[in-house]
>>> print(open('target_29.cif').read())   # mmCIF, C-alpha atoms
data_coords
loop_
_atom_site.label_atom_id
_atom_site.label_comp_id
_atom_site.auth_asym_id
_atom_site.auth_seq_id
_atom_site.Cartn_x
_atom_site.Cartn_y
_atom_site.Cartn_z
CA MET A 1 37.48 -2.44 32.74
CA THR A 2 35.47 -4.69 35.06
CA LEU A 3 32.43 -2.51 34.48
CA GLU A 4 32.87 -2.89 30.74
CA TRP A 5 32.94 -6.66 31.09
CA ILE A 6 29.83 -6.66 33.29
CA ARG A 7 28.11 -4.52 30.69
CA PHE A 8 29.10 -6.88 27.90
CA TYR A 9 27.87 -9.97 29.75
CA MET A 10 24.57 -8.32 30.65
CA THR A 11 24.01 -7.32 27.04
CA ALA A 12 24.87 -10.82 25.88
CA ALA A 13 22.50 -12.39 28.41
CA PHE A 14 19.59 -10.13 27.46
CA ILE A 15 20.07 -10.63 23.73
CA THR A 16 20.35 -14.42 24.20
CA ILE A 17 17.05 -14.44 26.08
CA ALA A 18 15.49 -12.35 23.31
CA LEU A 19 16.77 -14.64 20.56
CA SER A 20 15.51 -17.76 22.35
CA GLY A 21 12.13 -16.04 22.66
CA PHE A 22 12.13 -15.40 18.93
CA ALA A 23 13.05 -19.04 18.34
CA PHE A 24 10.04 -20.15 20.43
CA ALA A 25 7.83 -17.72 18.53
CA VAL A 26 8.95 -19.04 15.14
CA ALA A 27 8.56 -22.65 16.25
CA GLY A 28 5.08 -21.93 17.58
CA VAL A 29 3.95 -20.16 14.43
CA TRP A 30 5.18 -23.11 12.37
CA ARG A 31 4.01 -25.93 14.59
CA PHE A 32 0.53 -24.89 15.76
CA ASP A 33 -2.43 -25.42 13.47
CA TYR A 34 -5.04 -23.16 14.96
CA ILE A 35 -4.90 -19.42 14.39
CA LEU A 36 -5.38 -18.35 18.01
CA ASN A 37 -2.54 -20.60 19.18
CA ARG A 38 -0.34 -19.24 16.43
CA MET A 39 -1.18 -15.70 17.40
CA HIS A 40 -0.19 -16.43 20.98
CA ALA A 41 3.17 -17.76 19.82
CA GLY A 42 3.75 -14.78 17.55
CA GLY A 43 2.81 -12.39 20.34
CA ILE A 44 5.60 -13.78 22.49
CA GLY A 45 8.10 -12.69 19.87
CA ASP A 46 6.52 -9.28 19.45
CA THR A 47 6.37 -8.31 23.11
CA PHE A 48 8.59 -10.42 25.37
CA SER A 49 11.55 -10.89 23.02
CA LEU A 50 11.43 -7.34 21.75
CA PHE A 51 11.57 -6.03 25.31
CA PHE A 52 14.68 -8.07 26.12
CA LEU A 53 16.35 -7.21 22.82
CA VAL A 54 15.82 -3.48 23.26
CA THR A 55 16.91 -3.61 26.91
CA GLY A 56 20.12 -5.39 25.94
CA LEU A 57 20.85 -2.83 23.26
CA MET A 58 20.11 0.00 25.71
CA ILE A 59 22.64 -1.38 28.19
CA SER A 60 25.28 -1.46 25.47
CA ALA A 61 24.36 2.00 24.15
CA SER A 62 26.93 4.75 24.56
CA ALA A 63 24.89 7.95 24.31
CA PRO A 64 21.63 8.89 26.10
CA ILE A 65 20.02 9.88 22.79
CA VAL A 66 20.47 6.32 21.54
CA ILE A 67 18.54 5.00 24.55
CA VAL A 68 15.66 7.38 23.84
CA LYS A 69 15.65 6.39 20.20
CA LEU A 70 15.61 2.69 21.13
CA LEU A 71 12.52 3.29 23.27
CA LEU A 72 10.54 4.35 20.21
CA PRO A 73 10.34 0.97 18.40
CA LEU A 74 9.42 -0.66 21.71
CA LEU A 75 6.59 1.82 22.22
CA PHE A 76 5.33 1.45 18.66
CA MET A 77 5.45 -2.32 18.66
CA TRP A 78 3.83 -2.65 22.07
CA PHE A 79 0.96 -0.53 20.83
CA SER A 80 0.52 -1.79 17.29
CA SER A 81 1.05 -5.52 17.81
CA PRO A 82 -1.72 -6.00 20.42
CA THR A 83 -4.05 -3.84 18.31
CA ALA A 84 -3.46 -6.01 15.25
CA THR A 85 -3.80 -9.20 17.28
CA HIS A 86 -7.03 -7.94 18.81
CA PHE A 87 -8.57 -7.47 15.38
CA LEU A 88 -7.31 -10.78 14.08
CA SER A 89 -8.86 -12.65 16.99
CA GLN A 90 -12.07 -10.63 16.67
CA THR A 91 -12.32 -11.52 12.99
CA GLU A 92 -11.71 -15.17 13.81
CA TYR A 93 -14.42 -15.08 16.47
CA TYR A 94 -16.99 -13.47 14.21
CA THR A 95 -16.28 -15.34 10.99
CA ASN A 96 -15.29 -18.87 11.97
CA VAL A 97 -18.42 -21.03 11.89
CA HIS A 98 -16.62 -24.03 13.44
CA LEU A 99 -15.10 -22.08 16.32
CA PHE A 100 -17.08 -23.85 19.04
CA GLU A 101 -16.43 -27.28 17.58
CA HIS A 102 -12.76 -26.52 18.04
CA VAL A 103 -13.33 -25.39 21.62
CA LYS A 104 -15.32 -28.55 22.41
CA LYS A 105 -12.53 -30.70 21.02
CA LYS A 106 -10.06 -28.83 23.19
CA ILE A 107 -12.13 -29.40 26.32
CA SER A 108 -12.69 -33.10 25.69
CA GLY A 109 -8.99 -33.57 25.01
CA GLU A 110 -9.30 -35.04 21.52
CA SER A 111 -7.02 -32.47 19.98
CA ASN A 112 -3.68 -31.53 21.47
CA GLY A 113 -3.15 -28.22 19.76
CA HIS A 114 -2.55 -29.83 16.40
CA MET B 1 -27.69 13.21 -1.62
CA LYS B 2 -31.39 13.28 -0.77
CA LYS B 3 -32.01 10.85 -3.60
CA ILE B 4 -29.66 8.32 -2.08
CA PHE B 5 -31.27 8.56 1.34
CA LYS B 6 -34.66 8.11 -0.28
CA LYS B 7 -33.45 5.05 -2.14
CA ILE B 8 -31.95 3.50 0.97
CA LYS B 9 -35.15 4.12 2.89
CA GLU B 10 -37.18 2.50 0.13
CA LEU B 11 -34.89 -0.46 0.09
CA SER B 12 -34.84 -0.89 3.84
CA SER B 13 -38.63 -1.12 3.99
CA GLY B 14 -38.90 -3.75 1.24
CA GLU B 15 -38.11 -7.41 0.91
CA ILE B 16 -34.42 -6.84 0.32
CA MET B 17 -33.81 -5.85 3.91
CA SER B 18 -35.32 -9.06 5.24
CA ASN B 19 -33.22 -11.02 2.77
CA ILE B 20 -30.07 -9.41 4.09
CA LEU B 21 -31.03 -10.09 7.67
CA ASP B 22 -31.71 -13.72 6.83
CA GLY B 23 -28.28 -13.99 5.31
CA SER B 24 -29.73 -15.57 2.19
CA THR B 25 -27.96 -14.96 -1.09
CA GLU B 26 -30.67 -14.42 -3.64
CA PRO B 27 -29.28 -14.55 -7.20
CA ASP B 28 -29.60 -11.55 -9.46
CA PRO B 29 -32.58 -12.07 -11.79
CA SER B 30 -30.93 -10.38 -14.76
CA ARG B 31 -27.95 -12.70 -14.47
CA GLU B 32 -30.19 -15.76 -14.51
CA GLN B 33 -31.74 -14.54 -17.72
CA LEU B 34 -28.28 -14.01 -19.19
CA LYS B 35 -27.30 -17.54 -18.29
CA GLU B 36 -30.38 -18.96 -19.98
CA ILE B 37 -29.67 -17.01 -23.16
CA LYS B 38 -26.12 -18.37 -23.12
CA LYS B 39 -27.38 -21.93 -22.67
CA GLU B 40 -29.80 -21.57 -25.56
CA THR B 41 -27.12 -20.33 -27.94
CA ILE B 42 -24.82 -23.19 -26.96
CA LYS B 43 -27.63 -25.68 -27.51
CA SER B 44 -28.44 -24.36 -30.97
CA LEU B 45 -24.77 -24.54 -31.91
CA GLU B 46 -24.46 -28.11 -30.69
CA GLU B 47 -27.48 -29.21 -32.67
CA ASN B 48 -25.72 -28.14 -35.87
CA PRO B 49 -24.12 -31.35 -37.38
CA ASP B 50 -21.03 -29.61 -38.76
CA PHE B 51 -20.39 -27.80 -35.51
CA GLU B 52 -17.66 -30.05 -34.15
CA ALA B 53 -15.83 -30.29 -37.48
CA ILE B 54 -15.80 -26.51 -37.85
CA VAL B 55 -14.47 -26.02 -34.35
CA GLU B 56 -11.77 -28.63 -34.90
CA ARG B 57 -10.62 -27.05 -38.17
CA GLN B 58 -10.49 -23.60 -36.62
CA ARG B 59 -8.55 -24.90 -33.66
CA LYS B 60 -5.96 -26.58 -35.89
CA SER B 61 -5.39 -23.54 -38.08
CA PHE B 62 -5.12 -21.32 -35.03
CA ASN B 63 -2.59 -23.67 -33.45
CA LEU B 64 -0.46 -23.69 -36.61
CA LEU B 65 -0.47 -19.89 -36.77
CA TYR B 66 0.22 -19.56 -33.06
CA TYR B 67 3.20 -21.93 -33.01
CA SER B 68 4.79 -20.50 -36.16
CA PHE B 69 4.52 -16.94 -34.86
CA ALA B 70 5.82 -17.99 -31.46
CA PHE B 71 8.85 -19.70 -33.05
CA ILE B 72 9.70 -16.74 -35.31
CA GLY B 73 9.22 -14.27 -32.49
CA SER B 74 11.43 -16.09 -30.04
CA VAL B 75 14.20 -16.62 -32.63
CA CYS B 76 14.16 -12.90 -33.45
CA LEU B 77 14.22 -11.96 -29.75
CA ILE B 78 17.13 -14.32 -29.04
CA GLY B 79 19.09 -12.88 -31.98
CA VAL B 80 18.52 -9.26 -30.95
CA LEU B 81 19.44 -9.96 -27.33
CA LEU B 82 22.62 -11.86 -28.26
CA TYR B 83 23.65 -9.03 -30.59
CA LEU B 84 23.10 -6.48 -27.81
CA VAL B 85 25.05 -8.59 -25.32
CA SER B 86 27.99 -8.64 -27.73
CA MET B 87 27.95 -4.84 -27.71
CA LEU B 88 28.18 -4.52 -23.89
CA PRO B 89 31.54 -3.60 -22.38
CA ARG B 90 33.36 -6.52 -20.77
CA TYR B 91 32.93 -7.06 -17.06
CA GLY B 92 35.59 -5.31 -15.02
CA VAL B 93 36.70 -3.05 -17.83
CA GLU B 94 36.09 0.62 -17.12
CA ASN B 95 33.23 1.98 -19.17
CA PRO B 96 33.95 5.64 -19.95
CA ARG B 97 30.31 6.63 -20.42
CA THR B 98 28.96 5.45 -17.03
CA VAL B 99 32.01 6.77 -15.20
CA GLU B 100 31.47 10.16 -16.78
CA VAL B 101 27.87 10.39 -15.54
CA VAL B 102 28.70 9.20 -12.02
CA LYS B 103 31.62 11.61 -11.80
CA ARG B 104 29.40 14.48 -12.85
CA TYR B 105 26.77 13.63 -10.23
CA VAL B 106 29.22 13.17 -7.38
CA GLU B 107 31.47 16.11 -8.13
CA ASN B 108 29.07 18.76 -9.41
CA GLY B 109 25.81 17.52 -7.91
CA LEU B 110 25.91 19.69 -4.79
CA GLU B 111 26.92 22.76 -6.72
CA GLU B 112 24.43 22.37 -9.55
CA THR B 113 21.34 21.23 -7.63
CA GLY B 114 21.99 22.67 -4.17
CA ALA B 115 20.89 19.45 -2.48
CA VAL B 116 23.09 17.73 0.11
CA ASN B 117 21.26 14.46 -0.53
CA ILE B 118 22.60 13.57 -3.96
CA VAL B 119 19.91 10.97 -4.60
CA SER B 120 17.25 13.67 -4.24
CA GLY B 121 19.25 15.88 -6.55
CA MET B 122 19.33 13.11 -9.13
CA ILE B 123 15.69 12.02 -9.08
CA LEU B 124 14.19 15.50 -8.83
CA ASP B 125 16.67 17.56 -10.81
CA TYR B 126 18.71 15.65 -13.36
CA ARG B 127 16.08 12.98 -13.96
CA ALA B 128 12.90 14.84 -13.03
CA PHE B 129 10.94 13.52 -16.01
CA ASP B 130 11.38 10.00 -14.70
CA THR B 131 9.83 10.99 -11.36
CA LEU B 132 7.05 12.84 -13.16
CA GLY B 133 6.24 9.64 -15.04
CA GLU B 134 6.19 7.65 -11.81
CA SER B 135 3.76 10.11 -10.25
CA HIS B 136 1.56 9.85 -13.30
CA VAL B 137 1.59 6.06 -13.02
CA LEU B 138 0.20 6.39 -9.49
CA PHE B 139 -2.41 8.89 -10.64
CA THR B 140 -3.48 6.62 -13.50
CA ALA B 141 -3.79 3.67 -11.12
CA LEU B 142 -6.00 5.75 -8.83
CA ILE B 143 -8.21 6.75 -11.78
CA CYS B 144 -8.55 3.11 -12.88
CA VAL B 145 -9.51 1.95 -9.38
CA ASN B 146 -11.97 4.84 -9.24
CA ILE B 147 -13.58 3.77 -12.52
CA LEU B 148 -13.81 0.12 -11.52
CA LEU B 149 -14.82 0.26 -7.86
CA ARG B 150 -16.63 3.50 -7.22
CA ILE B 151 -20.19 3.17 -5.99
CA ASP B 152 -22.43 6.00 -7.08
CA ILE B 153 -26.10 6.58 -7.60
CA LYS B 154 -25.45 6.75 -11.35
CA ASN B 155 -23.70 3.40 -11.66
CA MET B 156 -25.42 1.16 -9.13
CA ARG B 157 -25.36 -2.24 -10.78
CA SER B 158 -28.42 -3.66 -9.14
CA ASP B 159 -30.08 -2.28 -6.07
CA TYR B 160 -29.49 -5.44 -4.12
CA GLU B 161 -25.73 -5.84 -4.52
CA ASP B 162 -24.60 -2.33 -3.72
CA TYR B 163 -27.08 -1.91 -0.94
CA TYR B 164 -25.72 -5.08 0.59
CA THR B 165 -22.15 -3.79 0.27
CA ILE B 166 -23.00 -0.53 2.02
CA LYS B 167 -24.89 -2.26 4.83
CA ARG B 168 -22.04 -4.69 5.40
CA ASP B 169 -19.61 -1.79 5.46
CA VAL B 170 -21.55 -0.11 8.24
CA TYR B 171 -21.80 -3.40 10.11
CA TYR B 172 -18.06 -4.10 10.02
CA ASP B 173 -17.07 -0.52 10.86
CA MET B 174 -14.11 -0.85 13.20
CA SER B 175 -14.22 2.67 14.61
CA HIS B 176 -16.48 1.72 17.53
CA ASP B 177 -13.66 -0.37 18.95
CA GLY B 178 -11.92 1.19 21.93
CA VAL B 179 -8.53 -0.42 21.32
CA LEU B 180 -8.17 0.87 17.78
CA ARG B 181 -9.52 4.27 18.76
CA LEU B 182 -6.87 4.66 21.46
CA ALA B 183 -4.08 3.46 19.16
CA ALA B 184 -5.19 5.85 16.43
CA PHE B 185 -5.51 8.70 18.95
CA VAL B 186 -1.95 8.16 20.17
CA PHE B 187 -0.26 7.36 16.91
CA SER B 188 -1.91 9.15 14.01
CA PRO B 189 -0.56 12.61 15.01
CA CYS B 190 2.94 11.12 15.46
CA ILE B 191 2.79 9.36 12.10
CA LEU B 192 1.49 12.43 10.26
CA THR B 193 4.16 14.65 11.83
CA PHE B 194 6.87 12.14 10.98
CA GLY B 195 5.61 11.96 7.39
CA ILE B 196 5.77 15.75 7.04
CA TYR B 197 9.28 15.69 8.53
CA ILE B 198 10.44 13.13 5.97
CA LEU B 199 8.76 15.10 3.19
CA LEU B 200 10.43 18.40 4.09
CA ASN B 201 13.88 16.88 4.65
CA GLY B 202 14.21 15.27 1.25
CA GLN B 203 17.00 17.54 0.06
CA ILE B 204 19.21 17.44 3.18
CA SER B 205 18.77 13.88 4.49
CA PRO B 206 17.46 10.50 3.33
CA GLY B 207 13.77 10.76 2.56
CA GLY B 208 11.75 12.67 0.07
CA GLY B 209 8.48 12.59 -1.74
CA PHE B 210 7.75 8.90 -2.13
CA SER B 211 8.68 7.76 1.38
CA GLY B 212 7.14 10.77 3.09
CA GLY B 213 3.97 10.43 1.06
CA ALA B 214 3.69 6.75 1.94
CA VAL B 215 3.99 7.57 5.66
CA LEU B 216 1.39 10.33 5.33
CA GLY B 217 -0.98 7.98 3.52
CA ALA B 218 -0.56 5.34 6.23
CA GLY B 219 -1.37 7.96 8.86
CA LEU B 220 -4.54 8.95 7.00
CA ILE B 221 -5.57 5.31 6.71
CA LEU B 222 -5.05 4.80 10.45
CA MET B 223 -7.10 7.93 11.14
CA SER B 224 -9.99 6.82 8.99
CA ALA B 225 -9.94 3.31 10.48
CA GLY B 226 -9.78 4.56 14.04
CA PHE B 227 -12.19 7.49 14.01
CA GLY B 228 -14.58 6.36 11.30
CA PHE B 229 -14.93 7.62 7.77
CA ASP B 230 -17.23 10.46 8.81
CA LYS B 231 -14.44 12.30 10.60
CA VAL B 232 -12.02 12.07 7.70
CA ASP B 233 -14.72 12.93 5.18
CA LYS B 234 -15.07 16.35 6.77
CA ILE B 235 -11.60 17.30 5.58
CA PHE B 236 -10.98 14.92 2.70
CA THR B 237 -13.42 13.88 -0.02
CA LEU B 238 -13.10 12.41 -3.49
CA LYS B 239 -13.43 15.84 -5.07
CA ILE B 240 -10.69 17.33 -2.90
CA ASN B 241 -8.56 14.25 -3.58
CA ASN B 242 -8.87 14.72 -7.35
CA ILE B 243 -8.30 18.49 -7.25
CA VAL B 244 -5.24 18.22 -5.01
CA THR B 245 -3.66 15.43 -7.04
CA PHE B 246 -4.32 17.19 -10.32
CA SER B 247 -2.91 20.53 -9.14
CA ALA B 248 0.19 18.86 -7.68
CA LEU B 249 0.92 17.09 -10.97
CA THR B 250 0.26 20.24 -12.99
CA PHE B 251 2.57 22.27 -10.78
CA TYR B 252 5.27 19.64 -11.16
CA SER B 253 4.96 19.55 -14.94
CA PHE B 254 5.01 23.31 -15.41
CA ALA B 255 7.80 24.02 -12.92
CA LYS B 256 10.08 21.36 -14.33
CA GLY B 257 9.15 22.23 -17.89
CA TYR B 258 10.18 25.84 -17.23
CA VAL B 259 13.52 24.78 -15.78
CA PHE B 260 14.27 22.38 -18.62
CA PHE B 261 13.23 24.91 -21.25
CA THR B 262 15.44 27.67 -19.84
CA GLY B 263 18.31 25.25 -19.23
CA ALA B 264 18.22 23.87 -22.77
CA ASN B 265 18.26 27.38 -24.26
CA GLY B 266 20.96 28.68 -21.93
CA ILE B 267 18.74 31.22 -20.14
CA GLU B 268 19.02 32.06 -16.44
CA ASN B 269 16.01 30.57 -14.59
CA HIS B 270 16.15 32.84 -11.48
CA ILE B 271 15.39 30.08 -8.98
CA PRO B 272 17.52 30.59 -5.84
CA LYS B 273 19.53 27.54 -4.76
CA GLY B 274 19.95 28.61 -1.13
CA THR B 275 22.72 27.47 1.21
CA PRO B 276 23.21 23.69 1.08
CA GLY B 277 22.06 22.05 4.34
CA ALA B 278 19.26 24.52 5.11
CA ILE B 279 15.64 23.48 4.73
CA LEU B 280 15.00 26.11 2.05
CA SER B 281 17.70 24.92 -0.28
CA GLY B 282 17.98 22.94 -3.46
CA GLY B 283 15.93 25.26 -5.63
CA LEU B 284 12.85 23.43 -6.89
CA ILE B 285 13.58 20.16 -5.09
CA LEU B 286 11.54 20.97 -1.97
CA PRO B 287 8.32 22.02 -3.78
CA LEU B 288 8.61 19.08 -6.15
CA ASP B 289 9.10 16.74 -3.19
CA ILE B 290 5.92 18.13 -1.62
CA ALA B 291 4.01 17.66 -4.89
CA VAL B 292 5.14 14.04 -5.23
CA GLY B 293 4.37 13.36 -1.56
CA ILE B 294 0.85 14.74 -1.94
CA VAL B 295 0.22 12.53 -4.97
CA VAL B 296 1.50 9.42 -3.16
CA ALA B 297 -0.51 10.12 0.01
CA CYS B 298 -3.71 10.81 -1.94
CA THR B 299 -3.22 7.65 -4.00
CA MET B 300 -2.69 5.46 -0.94
CA PHE B 301 -5.67 6.82 0.91
CA GLY B 302 -7.82 6.73 -2.22
CA PHE B 303 -6.93 3.06 -2.79
CA TYR B 304 -7.79 2.21 0.80
CA SER B 305 -11.15 3.90 0.85
CA LEU B 306 -12.15 2.73 -2.64
CA PHE B 307 -11.33 -0.89 -1.87
CA ARG B 308 -12.85 -0.64 1.59
CA ARG B 309 -16.23 0.81 0.68
CA GLY B 310 -16.24 1.90 -2.94
CA SER B 311 -16.16 5.62 -2.38
CA VAL B 312 -13.97 8.34 -0.93
CA ALA B 313 -16.79 10.59 0.22
CA SER B 314 -19.35 9.61 2.80
CA HIS B 315 -22.50 10.57 0.93
CA ILE B 316 -23.26 6.93 0.18
CA ASN B 317 -22.92 5.86 3.81
CA GLY B 318 -26.56 5.98 4.93
#
>>> encode(input="target_29.cif", output="structure tokens")
Amino acid sequence: MTLEWIRFYMTAAFITIALSGFAFAVAGVWRFDYILNRMHAGGIGDTFSLFFLVTGLMISASAPIVIVKLLLPLLFMWFSSPTATHFLSQTEYYTNVHLFEHVKKKISGESNGH
Amino acid sequence: MKKIFKKIKELSSGEIMSNILDGSTEPDPSREQLKEIKKETIKSLEENPDFEAIVERQRKSFNLLYYSFAFIGSVCLIGVLLYLVSMLPRYGVENPRTVEVVKRYVENGLEETGAVNIVSGMILDYRAFDTLGESHVLFTALICVNILLRIDIKNMRSDYEDYYTIKRDVYYDMSHDGVLRLAAFVFSPCILTFGIYILLNGQISPGGGFSGGAVLGAGLILMSAGFGFDKVDKIFTLKINNIVTFSALTFYSFAKGYVFFTGANGIENHIPKGTPGAILSGGLILPLDIAVGIVVACTMFGFYSLFRRGSVASHING
């Protein structure tokens, strides 16, 4: 009985952390103006929060096969999300003519991420 | 093929290559001429004194016609729809016709089609013509994209434009990237295997032709993005794409036509149903699922490569 309660609280804690991570990700994607900043915020949701969510669900899982199945989305997302982000940032780097103006602004402190 | 290489070599030695490298966008000369012809015709029309009056009269008569037809059409449509609504059964009242069909599917579906997955039994057995039409819609879309976007030696618009497209395509080729190459190396076999699994399990579990074909097409797209078009072109070209799609659709039409013909005339069709739950069960459902899946996968990959570079085969890629 005590073990069950410990399990429940651990699951709840992990899923709460994951949900707060998703909340940060959503806020960042909405609030930032520049694509690289937005990508950073979205990446938090895709990697950090997903890890905690899947771990929480694994702790609450009853059968070993469920744990193995839960590993699959984690594996896929941890591969595919950085790949997609890599190409997005590469495209931004190669196609944005005003990229270095933005960087200069950042360094001189005129713009504060908005 | 040799012709194309020759042409590309000719082009790369001339002025056009330097233009591309400069990044300048030189306008097409034939288009300029077209524009001037257009301007001249407009000028000559404007010089005519009655021109504006004629245009105004035509516009007014057209507007009158347009509004009257629109009014009559919408009144007719409203009347027909209201009449049809009055014929519908009331909400909540049991409609004997729909209940009959649902009862038949649920109670006799397993026995008559041999498929545990009743949805598969419905879309590929009772309502197979519907699925055939859907596959043909995909095939028609692929043909239209092929007609509009395909780059070939016979339909090069002007040497400059298409040459520029091909050069840009080579420049932005993603397959040299290590990250994508690794991701494709790890995942494309998994995705293709999973797609085949979904395709073959259509009659005993959720899945089937459309979903399995979509997964297979996505795997092919990942392969061609990760390893370059040259690798995929060795096993899959436009010709093979067309032949495979055509034969899948023909097989579907003839197989289902045979079953419907024999069924309508009360003849035994001699197609074994198998034990429900086994992979080889459900009579024609498994082969038809494979045919639909092939059409969907070919359509998805064909769309990708036609939009990406205007051709499925690599012969244009100097």
>>> atom_distance(input="target_29.cif", atom1="atom CA of B:Ser224", atom2="atom CA of B:Arg181")
10.1 Å
>>> closest_residue(input="target_29.cif", among="B:Pro96, B:Gly302, B:Gly178, B:Pro206", to="chain A", atoms="all atoms listed in the file")
B:Gly178
>>> interface_residues(input="target_29.cif", of="chain B", to="chain A", cutoff="8 Å", atoms="all atoms listed in the file", output="ChimeraX atom specification")
/B:179-180,183
>>> atom_distance(input="target_29.cif", atom1="atom CA of B:Phe210", atom2="atom CA of B:Gly109")
20.8 Å
>>> residues_around(input="target_29.cif", residues="B:Ile123", least_positions_apart="6", cutoff="12 Å", atoms="only C-alpha atoms", output="PyMOL selection string")
chain B and resi 105+109+113+115+117+129-134+202-203+207-210+284-285+288-289+292
>>> resolve_selection(input="target_29.cif", expression="the PyMOL selection byres ((chain B and resi 275-283) around 10)", output="list in words")
Leu110, Glu111, Glu112, Thr113, Gly114, Ala115, Val116, Asn117, Ser120, Gly121, Leu124, Asp125, Leu200, Asn201, Gly202, Gln203, Ile204, Ser205, His270, Ile271, Pro272, Lys273, Gly274, Leu284, Ile285, Leu286, Pro287 and Leu288 of chain B
>>> residues_around(input="target_29.cif", residues="stretch 15-28 of chain A", least_positions_apart="6", cutoff="8 Å", atoms="only C-alpha atoms", output="VMD selection string")
chain A and resid 37 to 38 41 to 45 48 to 53 56 to 57
>>> write_last_selection(input="target_29.cif", atoms="C-alpha atoms", output="mmCIF file, in the frame of the given file")
data_model
loop_
_atom_site.group_PDB
_atom_site.id
_atom_site.type_symbol
_atom_site.label_atom_id
_atom_site.label_comp_id
_atom_site.auth_asym_id
_atom_site.auth_seq_id
_atom_site.Cartn_x
_atom_site.Cartn_y
_atom_site.Cartn_z
ATOM 1 C CA ASN A 37 -2.540 -20.600 19.180
ATOM 2 C CA ARG A 38 -0.340 -19.240 16.430
ATOM 3 C CA ALA A 41 3.170 -17.760 19.820
ATOM 4 C CA GLY A 42 3.750 -14.780 17.550
ATOM 5 C CA GLY A 43 2.810 -12.390 20.340
ATOM 6 C CA ILE A 44 5.600 -13.780 22.490
ATOM 7 C CA GLY A 45 8.100 -12.690 19.870
ATOM 8 C CA PHE A 48 8.590 -10.420 25.370
ATOM 9 C CA SER A 49 11.550 -10.890 23.020
ATOM 10 C CA LEU A 50 11.430 -7.340 21.750
ATOM 11 C CA PHE A 51 11.570 -6.030 25.310
ATOM 12 C CA PHE A 52 14.680 -8.070 26.120
ATOM 13 C CA LEU A 53 16.350 -7.210 22.820
ATOM 14 C CA GLY A 56 20.120 -5.390 25.940
ATOM 15 C CA LEU A 57 20.850 -2.830 23.260
#
>>> resolve_selection(input="target_29.cif", expression="the PyMOL selection byres ((chain B and resi 142) around 12)", output="VMD selection string")
chain B and resid 135 to 141 143 to 150 238 241 to 242 245 to 246 295 to 307 312
>>> axis_aligned_box(input="target_29.cif", around="stretch 236-247 of chain B", padding_each_side="5 Å", output="lines of an AutoDock Vina configuration file")
center_x = -8.2
center_y = 16.5
center_z = -3.8
size_x = 20.5
size_y = 18.1
size_z = 23.0
>>> closest_residue(input="target_29.cif", among="A:Thr47, A:Ile59, A:Lys105, A:Trp78", to="A:Glu4", atoms="only C-alpha atoms")
A:Ile59
>>> atom_distance(input="target_29.cif", atom1="atom CA of B:Leu220", atom2="atom CA of B:Pro189")
9.7 Å
>>> resolve_selection(input="target_29.cif", expression="the PyMOL selection byres ((chain A and resi 34) around 12)", output="mmCIF file with C-alpha atoms, in the frame of the given file")
data_model
loop_
_atom_site.group_PDB
_atom_site.id
_atom_site.type_symbol
_atom_site.label_atom_id
_atom_site.label_comp_id
_atom_site.auth_asym_id
_atom_site.auth_seq_id
_atom_site.Cartn_x
_atom_site.Cartn_y
_atom_site.Cartn_z
ATOM 1 C CA GLY A 28 5.080 -21.930 17.580
ATOM 2 C CA VAL A 29 3.950 -20.160 14.430
ATOM 3 C CA TRP A 30 5.180 -23.110 12.370
ATOM 4 C CA ARG A 31 4.010 -25.930 14.590
ATOM 5 C CA PHE A 32 0.530 -24.890 15.760
ATOM 6 C CA ASP A 33 -2.430 -25.420 13.470
ATOM 7 C CA ILE A 35 -4.900 -19.420 14.390
ATOM 8 C CA LEU A 36 -5.380 -18.350 18.010
ATOM 9 C CA ASN A 37 -2.540 -20.600 19.180
ATOM 10 C CA ARG A 38 -0.340 -19.240 16.430
ATOM 11 C CA MET A 39 -1.180 -15.700 17.400
ATOM 12 C CA HIS A 40 -0.190 -16.430 20.980
ATOM 13 C CA ALA A 41 3.170 -17.760 19.820
ATOM 14 C CA SER A 89 -8.860 -12.650 16.990
ATOM 15 C CA GLU A 92 -11.710 -15.170 13.810
ATOM 16 C CA ASN A 96 -15.290 -18.870 11.970
ATOM 17 C CA HIS A 98 -16.620 -24.030 13.440
ATOM 18 C CA LEU A 99 -15.100 -22.080 16.320
ATOM 19 C CA HIS A 102 -12.760 -26.520 18.040
ATOM 20 C CA VAL A 103 -13.330 -25.390 21.620
ATOM 21 C CA LYS A 106 -10.060 -28.830 23.190
ATOM 22 C CA SER A 111 -7.020 -32.470 19.980
ATOM 23 C CA ASN A 112 -3.680 -31.530 21.470
ATOM 24 C CA GLY A 113 -3.150 -28.220 19.760
ATOM 25 C CA HIS A 114 -2.550 -29.830 16.400
#
>>> residues_around(input="target_29.cif", residues="B:Leu182", least_positions_apart="5", cutoff="9 Å", atoms="only C-alpha atoms", output="NGL selection string")
:B and (177 or 187 or 226)
